[in-house]
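Asks: Mind having a look at this structure? Questions to follow.
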Amino acid sequence: MTSTCATCQSSYEVTEQELAFLKKIAPKIGEQTFEIPLPSNCPQCRLALRTAQRNEQNMYHNVSAVTGKPLIALYSHDTEWGKKYKIYTHEEWWSENWDGLSYGQDFDFSRPFFEQFNELSVKIPHVNLIQIANENCQYTTGTAYCKNCHLINCSENCEDCYYGKLIQTSRDIMDCDYIYDSELLYECFYVKNCNNCIYTSYSQNSYDCGFSENLKGCRNCFLCTNLNNKEYHFMNEPVIKEEYAQKIHEFLGSHNAVQKAKEILNDLRIKRIHKYANIINCENSIGDFLTNTQNCTDCYDVNDSQDCKYINVGVNVKDLIDCSNMYLKPELNYQVLGTIETYNVIFSLYVFHSQNVAYSEFCFNSSNLFGCSGLRKKQYCIFNKQYTKEQYEELVPRIIAHMNSTGEWGQFFPMWHSPYGYNETVAQDYVPLTKDVALARGMHWKDPDQKDYKPQTYTIPNSIKDVPDTITKELLACKHCGKNYRIIPQELARLRNISLPIPHKCPDCRHSERMSLRNPPRLYARTCMHCSKPIETTYAADRPEQVYCEKCYLEAVY
């Protein structure tokens, strides 16, 4: 079935799989089943809607609503669009000193659902950052069991890591994203079990490598691509140990030398043969960055999962469509963002260990909720008000009927519900938009705070050898966006140790540069450039890379 997106006006298909799933996920309240209408937006716009509710790396100075003490939060103290949230620390939010039921309100059938829910959401306390059992990690979010880390997010079991996203069980990592079981890395992207590497991407089990891509089991390789089990290679050619040290020396130490190496690496990336997708040990699955999946379609960053469609970031998930950031056995979820172990949840944000939940957010260990925010260990609640089972089953159908009349039933939370500007969220990574387009679609936009854009008066030395300790006291300005940033002592020590220069870009722009190494989460039908076999890939047909099917790729690279 072909439809036209209500937001971007593009055409998209609604498959038989989706139609069957909508019947399966339709909520049953008492003896009544309530059909969910077909999605009115294309998959890309549905992804943008979900992920526009998720801020992973923008932090602000705020104050605790309980004590008035300063804290760091994901929420700005004041926004251009007028939202001001009540912020609690992690300990304050989880304390017994407040209860979400105290904010309960009756549903007003003369007003739209989303308008009322947004009012409830703004009143409910919001936790400043998402952290579990960290030590000395004040400026991190989405982190657990980390120590001495700074400006990382979505990471667990890390130590001495700075500036990065999705770092797992690693230490001494700086300016890296998508890192697993690794140590001593700088400016790396999507590597597993690697050690002492710089500017290396899409690599596994490699050591002492630099400015390289797609290495497996390699040591001492520099400016190399598509190598397996090689040692002492430069520009994909073998060299003796003494010659190798001489060749790499000219690319280290200074800003100019590193820029030269990056230019060569970018050229090598274009020329190397690319596999159509990063898919390992999967059955009947298409997308990118998939491992151990079965029957997963148009999914990205998904592991150990089955029977899913349109998922962005999922670990051990089953029977989901249109969901993002789903972890540890969520099942039967539709249009949901941010869960752990949920069952039968629809149109919700950040619901954990809960069942039978609809149009709710930040709810934990609960069941049978509709339109609730900030509840813990509750059941049969509507707009944070307690009901009996019988009352719940009588009132929810009336609210759904009202939402049908206003055109809200079956729609995800509108963009204006988000606490953030679109450009503050991961949506801008997945579906980048200009400010004008974002505002035209009803989204917020966070304009730069001019106090963060003071001109740089300090001249960064070209060579790391000439950088004094006092640079940690200097205010630098990003050469790309102009935003101010500082060099922390740990960063300076690491750069000196690996003979690399002071970065001339702010952490945000460095992150964006690394994220550009992966393709947008969108599939294109094209053919293998070697055998002409049809493939579905994230490489658009007009891209310059050589893209092969799996068979041709393995024959060429291995």
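Letters A, B, ... mark the chains of the structure tokens in the order given; residue numbers begin at 1 per chain; ligand numbers begin at 1, in order shown.
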Taking the DSSP secondary structure from the backbone, can you list the residues of range 170-282 of chain A that are strand (DSSP E or B), as a PyMOL selection string?

Replies: chain A and resi 171-180+183-186+189-192+195-204+207+210-216+219-222+225-228+231-234+237-238+254+273-275+279-280

Asks: If you count only C-alpha atoms, which residues fall within 10 Å of Met415 in chain A, apart from same-chain ones fewer than 2 positions away, as a ChimeraX atom specification?

Replies: /A:48-53,412-413,417-422,438-439,441-444

Asks: Per DSSP on the backbone, filter range 254-423 of chain A down to the residues in alpha helix (DSSP H) and report them as JSON, numbers by chain.

Replies: {"A": [255, 256, 257, 258, 259, 260, 261, 262, 263, 264, 265, 266, 267, 268, 269, 270, 271, 389, 390, 391, 392, 393, 394, 395, 396, 397, 398, 399, 400, 401, 402, 403, 404, 405, 406]}

Asks: Rounded to one decimal in Å, what is the spacing between CA of Asn365 in chain A and CA of Phe352 in chain A?

Replies: 6.3 Å

Asks: Distance table requested - range 266-297 of chain A against range 9-32 of chain A, cut-off 12 Å, only C-alpha atoms: one row per qualifying residue with the closest atom pair and its distance in Å to one decimal, ordered by chain and rising residue number, as a Markdown table.

Replies:
| residue | atom | partner | partner_atom | distance |
| --- | --- | --- | --- | --- |
| A:Asn295 | CA | A:Gln17 | CA | 10.9 |
| A:Cys296 | CA | A:Gln17 | CA | 11.3 |
| A:Thr297 | CA | A:Gln17 | CA | 10.2 |

Asks: Pick the closest to Cys149 in chain A from A:Glu35, A:Glu56, A:Glu135, A:Glu92: which is it, counting only C-alpha atoms?

Replies: A:Glu135

Asks: In terms of the shortest atom-to-atom distance over only C-alpha atoms, which of A:Pro534, A:Gly482, A:Gly407, A:Pro468 is closest to Lys451 in chain A?

Replies: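 Among A:Pro534, A:Gly482, A:Gly407, A:Pro468, it is A:Gly482 that comes nearest to Lys451 in chain A.
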
Asks: Name the residues in contact with Ala477 in chain A at a cut-off of 12 Å, using only C-alpha atoms, excluding same-chain residues fewer than 6 positions from it; report them as a PDB file with C-alpha atoms, in the first residue's frame.

Replies:
ATOM      1  CA  LYS A 451      28.376  34.233  25.250  1.00  0.00           C
ATOM      2  CA  ASP A 452      29.803  30.894  24.048  1.00  0.00           C
ATOM      3  CA  TYR A 453      31.323  32.461  20.938  1.00  0.00           C
ATOM      4  CA  LYS A 454      34.068  34.755  22.110  1.00  0.00           C
ATOM      5  CA  PRO A 455      36.960  35.338  19.688  1.00  0.00           C
ATOM      6  CA  GLN A 456      40.137  33.330  20.241  1.00  0.00           C
ATOM      7  CA  THR A 457      43.185  35.439  21.056  1.00  0.00           C
ATOM      8  CA  TYR A 458      45.548  32.539  21.702  1.00  0.00           C
ATOM      9  CA  THR A 459      47.559  31.027  18.839  1.00  0.00           C
ATOM     10  CA  ILE A 460      47.714  27.241  19.026  1.00  0.00           C
ATOM     11  CA  LYS A 483      32.038  27.866  19.545  1.00  0.00           C
ATOM     12  CA  ASN A 484      34.402  28.140  22.503  1.00  0.00           C
ATOM     13  CA  TYR A 485      36.036  25.085  24.045  1.00  0.00           C
ATOM     14  CA  ARG A 486      38.888  24.263  26.380  1.00  0.00           C
ATOM     15  CA  ILE A 487      41.635  21.654  26.563  1.00  0.00           C
ATOM     16  CA  PRO A 503      42.433  19.930  18.001  1.00  0.00           C
ATOM     17  CA  HIS A 504      41.277  23.074  16.236  1.00  0.00           C
ATOM     18  CA  LYS A 505      37.610  22.064  16.416  1.00  0.00           C
ATOM     19  CA  CYS A 506      35.235  21.920  19.389  1.00  0.00           C
ATOM     20  CA  PRO A 507      34.051  18.522  20.711  1.00  0.00           C
ATOM     21  CA  CYS A 509      32.237  19.412  15.536  1.00  0.00           C
TER      22      CYS A 509
END

Asks: Do you have the CA of Pro43 in chain A-CA of Lys165 in chain A distance handy?

Replies: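 Separation of CA of Pro43 in chain A and CA of Lys165 in chain A: 24.4 Å.
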
Asks: Looking at only C-alpha atoms, which of A:Gly287, A:Phe109, A:Asn423, A:Lys275 is the one that sits closest to Asp447 in chain A?

Replies: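 Ranking A:Gly287, A:Phe109, A:Asn423, A:Lys275 by distance to Asp447 in chain A, first place goes to A:Asn423.
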
Asks: Counting only C-alpha atoms, what is within 12 Å of Leu554 in chain A, bar same-chain residues fewer than 6 positions away, as number ranges by chain?

Replies: A: 226-228, 273-276, 530, 547-548

Asks: Selected residues, all heavy atoms, written as a short mmCIF file (atom, residue, chain, number, x, y, z; two decimals), in the first residue's frame, please.

Replies:
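This went into selection_0.cif:
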data_model
loop_
_atom_site.label_atom_id
_atom_site.label_comp_id
_atom_site.auth_asym_id
_atom_site.auth_seq_id
_atom_site.Cartn_x
_atom_site.Cartn_y
_atom_site.Cartn_z
N ASN A 226 41.22 -2.17 4.14
CA ASN A 226 40.85 -3.52 3.70
C ASN A 226 41.99 -4.53 3.85
O ASN A 226 42.28 -5.32 2.94
CB ASN A 226 40.40 -3.50 2.23
CG ASN A 226 39.04 -2.83 2.05
OD1 ASN A 226 38.48 -2.30 3.01
ND2 ASN A 226 38.54 -2.84 0.85
N LEU A 227 42.64 -4.52 5.02
CA LEU A 227 43.71 -5.49 5.27
C LEU A 227 43.28 -6.50 6.33
O LEU A 227 42.52 -6.16 7.24
CB LEU A 227 44.98 -4.79 5.74
CG LEU A 227 45.72 -3.90 4.73
CD1 LEU A 227 47.03 -3.41 5.34
CD2 LEU A 227 45.98 -4.64 3.43
N ASN A 228 43.80 -7.71 6.21
CA ASN A 228 43.51 -8.77 7.16
C ASN A 228 44.80 -9.43 7.60
O ASN A 228 45.60 -9.88 6.76
CB ASN A 228 42.60 -9.82 6.53
CG ASN A 228 41.25 -9.25 6.12
OD1 ASN A 228 40.39 -9.04 6.95
ND2 ASN A 228 41.09 -8.98 4.83
N ILE A 273 37.13 -0.83 -1.67
CA ILE A 273 35.90 -1.57 -1.90
C ILE A 273 35.10 -1.63 -0.59
O ILE A 273 35.64 -1.96 0.47
CB ILE A 273 36.21 -2.99 -2.40
CG1 ILE A 273 36.88 -2.92 -3.77
CG2 ILE A 273 34.94 -3.83 -2.49
CD1 ILE A 273 37.42 -4.24 -4.25
N HIS A 274 33.82 -1.32 -0.68
CA HIS A 274 32.94 -1.30 0.49
C HIS A 274 31.93 -2.44 0.40
O HIS A 274 31.31 -2.66 -0.65
CB HIS A 274 32.18 0.03 0.58
CG HIS A 274 33.06 1.20 0.84
ND1 HIS A 274 33.10 1.84 2.06
CD2 HIS A 274 33.94 1.86 0.05
CE1 HIS A 274 33.97 2.84 2.00
NE2 HIS A 274 34.48 2.87 0.78
N LYS A 275 31.76 -3.14 1.50
CA LYS A 275 30.67 -4.12 1.59
C LYS A 275 29.35 -3.36 1.64
O LYS A 275 29.26 -2.28 2.24
CB LYS A 275 30.86 -4.98 2.83
CG LYS A 275 29.84 -6.08 3.01
CD LYS A 275 30.11 -6.85 4.31
CE LYS A 275 29.00 -7.85 4.60
NZ LYS A 275 29.23 -8.56 5.88
N TYR A 276 28.31 -3.93 1.05
CA TYR A 276 27.03 -3.25 0.93
C TYR A 276 26.45 -2.83 2.28
O TYR A 276 25.69 -1.85 2.38
CB TYR A 276 26.03 -4.14 0.19
CG TYR A 276 25.46 -5.25 1.02
CD1 TYR A 276 24.17 -5.18 1.55
CD2 TYR A 276 26.22 -6.39 1.31
CE1 TYR A 276 23.65 -6.20 2.33
CE2 TYR A 276 25.69 -7.42 2.08
CZ TYR A 276 24.42 -7.33 2.59
OH TYR A 276 23.91 -8.33 3.36
N HIS A 530 30.27 -5.03 -9.05
CA HIS A 530 31.13 -6.04 -9.66
C HIS A 530 30.32 -7.07 -10.45
O HIS A 530 30.64 -7.36 -11.61
CB HIS A 530 31.96 -6.75 -8.59
CG HIS A 530 32.96 -7.71 -9.15
ND1 HIS A 530 34.08 -7.31 -9.86
CD2 HIS A 530 33.02 -9.07 -9.12
CE1 HIS A 530 34.78 -8.36 -10.23
NE2 HIS A 530 34.15 -9.45 -9.80
N VAL A 547 30.80 -0.24 -4.21
CA VAL A 547 29.96 -1.01 -3.30
C VAL A 547 29.70 -2.38 -3.90
O VAL A 547 29.16 -2.50 -5.01
CB VAL A 547 28.64 -0.27 -3.03
CG1 VAL A 547 27.79 -1.05 -2.03
CG2 VAL A 547 28.91 1.13 -2.49
N TYR A 548 30.07 -3.43 -3.17
CA TYR A 548 29.94 -4.81 -3.63
C TYR A 548 28.93 -5.58 -2.76
O TYR A 548 28.74 -5.26 -1.58
CB TYR A 548 31.28 -5.54 -3.54
CG TYR A 548 32.29 -5.19 -4.61
CD1 TYR A 548 32.17 -4.06 -5.42
CD2 TYR A 548 33.39 -6.03 -4.82
CE1 TYR A 548 33.11 -3.76 -6.39
CE2 TYR A 548 34.35 -5.74 -5.78
CZ TYR A 548 34.20 -4.60 -6.57
OH TYR A 548 35.14 -4.31 -7.53
#

Asks: CA of Leu375 in chain A and CA of Val351 in chain A are how many Å apart?

Replies: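 Here the two named atoms are 9.7 Å from each other.
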
Asks: Give me the residues within 8 Å of Tyr392 in chain A as a ChimeraX atom specification, counting only C-alpha atoms and dropping any in the same chain fewer than 4 places off.

Replies: /A:380-382,387-388,396
